[in-house]
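Asks: This is the structure I have questions about; it appears just below.
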Amino acid sequence: MTTLDQGFAQQRSGLFDRFLSLTRSNEKRQERVIPDDVPLYLDTPVLPGFRQDAAEPEPAHLPLSMSAMAPPIKPISLRRDSIYAAFNTAMPVTDRHGLAGRNSELEKLVEAIVVQRKHAVIFGTRGSGKTSLARVFGDLADEAGCIALYASANGEADFDSLFRPFLTELPMSGAGQERARKMMGEPLDVSRLSALLVEEVRERSILIIDEYDRVQSETAKQDVATLLKLLTDIHSPVQVVLVGIASDIDGLIAAHPSLRRHLAPQRVAPIPKPELERLLLSCANNARLAIDEDALDMLASAAMGSPYHARLFGMQAALVTEAAGRDRMLLSDIEQGLASALEDWEEMSGQTHALFRRILWEAGSARRMIALSAIVASQMSAISYERLVTLGHEVLGGGSINESQARDAMARLQPALVATPNGELWMFEDTLAPQFLLLMAKQPVQAAPPVQTPAEEMRALLKGVDGL
Ligand SMILES: Nc1ncnc2c1ncn2[C@@H]1O[C@H](COP(=O)(O)OP(=O)(O)O)[C@@H](O)[C@H]1O
Ligand SMILES: [Mg+2]
């Protein structure tokens with residue numbers, strides 16, 4: 001599959017950046033196919049014990065600098081490097097053999113897009129594995145004789161910037177390329193683009209647009225829906241796959257009703273627990289660590305089907321094992337690993353963490369309904385009062401108490417939720433949050449109420465202003 005550079009001023013970090021620049025810099029098409037041997041994160045590992053010079057005799061006059069006062073840093077362990085590499089959460093999977101638990105999704109995508117020539121929408125929460133699924137699908141489509149092109153959108157994207165990068169890559173005759181070049185002299189227009197794609201593209205092509213949820217412009221989204229409709233009506237050789245965070249297809253595309261039956265919706269659901277355990281075992285194995293059965297069970301349960309969380313929690317726990325000088329991960333390592341993952345998340349998402357801490361403290365006996373909300377959000381992407389009541393009856397038992405607790409949980413969680421486009425369901429604004437909320441709900445209840453953060457204090461002071 002070919003990855004395109006849209007020239008978007010996109011903030012990418014670390015390895016993925018290097019990975020993209022690698023795919024961008026090569027000239028020839030063949031060479032731009034995603035390489036399997038993407039360099040590892042630390043490609044010039046620092047040797048253990050590099051601070052041994054700290055043991056040298058101290059100079060008579062110590063400089064009064066902070067670094068001189070700091071104790072020597074622990075030597076960087078190569079073992080830790082291999083843990084970071086094995087449990088990496090930053091790189092999407094690009095090799096189908098590294099993709100756990102997605103065979104049926106891949107089969108459905110191939111059937112719908114390659115065989116039935118439908119357009120598709122791949123949606124799910126952050127970290128559910130959308131990009132990984134889309135990339136591996138792209139490679140399968142290539143193998144099936146199609147040309148899969150991959151690009152990702154940003155917030156400022158309009159219709160033109162979404163499709164322009166694909167134009168120079170599509171397989172067209174010389175005359176077609178000339179026509180495309182002329183069209184690129186001005187902003188792309190939906191009907192002229194669809195005519196070009198249908199009349200000039202010579203091979204089956206699949207355009208994958210990732211991070212489509214970031215597109216802000218309603219006009220751009222309408223235009224994309226119109227393009228899909230036009231391409232469908234005229235049996236185009238080009239199919240479009242939109243990928244993004246959403247709880248359903250409406251979250252990504254304001255589809256014309258008649259377009260719906262030509263669109264294949266592919267939800268990226270939680271990975272079943274046995275598959276997630278297999279994934280964790282193979283990550284641990286790559287880091288040359290064994291893992292106890294109860295430890296594995298606890299890790300996979302805490303991830304609730306999310307490969308991102310499984311890797312993150314696994315990495316933190318593996319670091320605990322490594323620090324203890326062992327090569328078998330124990331239940332206590334997992335407990336500590338989960339606690340440090342939660343601490344890291346608190347640093348990154350302080351406001352949401354503070355909200356969760358407060359509402360879990362205030363909720364009293366409704367705490368279990370808040371924990372259930374986290375589970376429902378992780379399993380079904382979105383929550384609602386009705387979902388909580390129904391599942392409350394099934395999972396928690398009890399009668400009408402579930403109704404008042406569900407109402408209470410929805411109200412308390414409100415600041416962390418966003419409405420889905422149809423307005424009936426709510427997603428966590430940070431779709432990575434539910435796993436952390438469940439971890440927090442499992443912590444012992446604090447005796448004293450949590451202290452408010454400065455932002456929370458200010459928000460409390462603003463109460464009453466402009467309906468706040
Ligand atoms: N099916 C899978 N098997 C193994 N690892 C996966 C799978 N899906 C995703 N991952 C890993 O989980 C993390 C998040 O995946 P990614 O595809 O970037 O998710 P998304 O695009 O939904 O945010 C990455 O580290 C990726 O390697
Ligand atoms: Mg992604």
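Chain identifiers are assigned as A, B, and so on, following the order in which chains appear in the structure tokens; residues are numbered from 1 within each chain, and ligands are numbered from 1 in order of appearance.
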From a DSSP pass on the backbone, collect the residues of segment 117-166 of chain A flagged as strand (DSSP E) and hand them back as a VMD selection string.
Replies: chain A and resid 119 to 124 147 to 152
Asks: Hey, can you spit out that residue selection with C-alpha atoms as a PDB file, in the first residue's frame?
Replies:
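Contents of part_4.pdb, as written:
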```pdb
ATOM      1  CA  HIS A 119     -17.324   2.192  -0.096  1.00  0.00           C
ATOM      2  CA  ALA A 120     -16.687   1.649   3.609  1.00  0.00           C
ATOM      3  CA  VAL A 121     -16.545   3.427   6.923  1.00  0.00           C
ATOM      4  CA  ILE A 122     -14.230   2.019   9.611  1.00  0.00           C
ATOM      5  CA  PHE A 123     -15.082   3.445  13.020  1.00  0.00           C
ATOM      6  CA  GLY A 124     -14.333   2.860  16.694  1.00  0.00           C
ATOM      7  CA  ILE A 147      -4.111  -0.250  -5.742  1.00  0.00           C
ATOM      8  CA  ALA A 148      -4.616   0.922  -2.169  1.00  0.00           C
ATOM      9  CA  LEU A 149      -3.595   4.467  -1.328  1.00  0.00           C
ATOM     10  CA  TYR A 150      -3.495   5.683   2.270  1.00  0.00           C
ATOM     11  CA  ALA A 151      -3.606   9.240   3.578  1.00  0.00           C
ATOM     12  CA  SER A 152      -4.793  10.882   6.756  1.00  0.00           C
TER      13      SER A 152
END
```
Asks: Counting only C-alpha atoms, what is within 9 Å of segment 129-146 of chain A, bar same-chain residues fewer than 5 positions away, as a PyMOL selection string?
Replies: chain A and resi 1-2+91-96+99+102+105-107+109-110+113-114+122-124+203-206+208+210-211+241+243-245+267-269+306-308
Asks: Would you please work out which residue, of A:Gln316, A:Thr125, A:Thr168, A:Thr232, is nearest to Thr89 of chain A when using only C-alpha atoms?
Replies: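 For Thr89 of chain A, the nearest of the candidates is A:Gln316.
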Asks: When you count only C-alpha atoms and all ligand atoms, which of these residues is closest to ligand 2: A:Ala220, A:Ala363, A:Leu242, A:Met427?
Replies: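 Counting only C-alpha atoms and all ligand atoms, the residue closest to ligand 2 is A:Leu242.
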Asks: Please identify all polymer residues within 12 Å of Ser282 of chain A, counting only C-alpha atoms, omitting same-chain residues fewer than 5 positions from it, and present them as a list in words.
Replies: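 Residues near the query, excluding close chain neighbours: Ile83, Ala86, Phe87, His97, Gly98, Leu99, Ala100, Glu275, Leu276, Glu277, Ala287, Arg288, Leu289, Ala290, Ile291, Leu296, Ala310, Arg311 and Gly314 of chain A.
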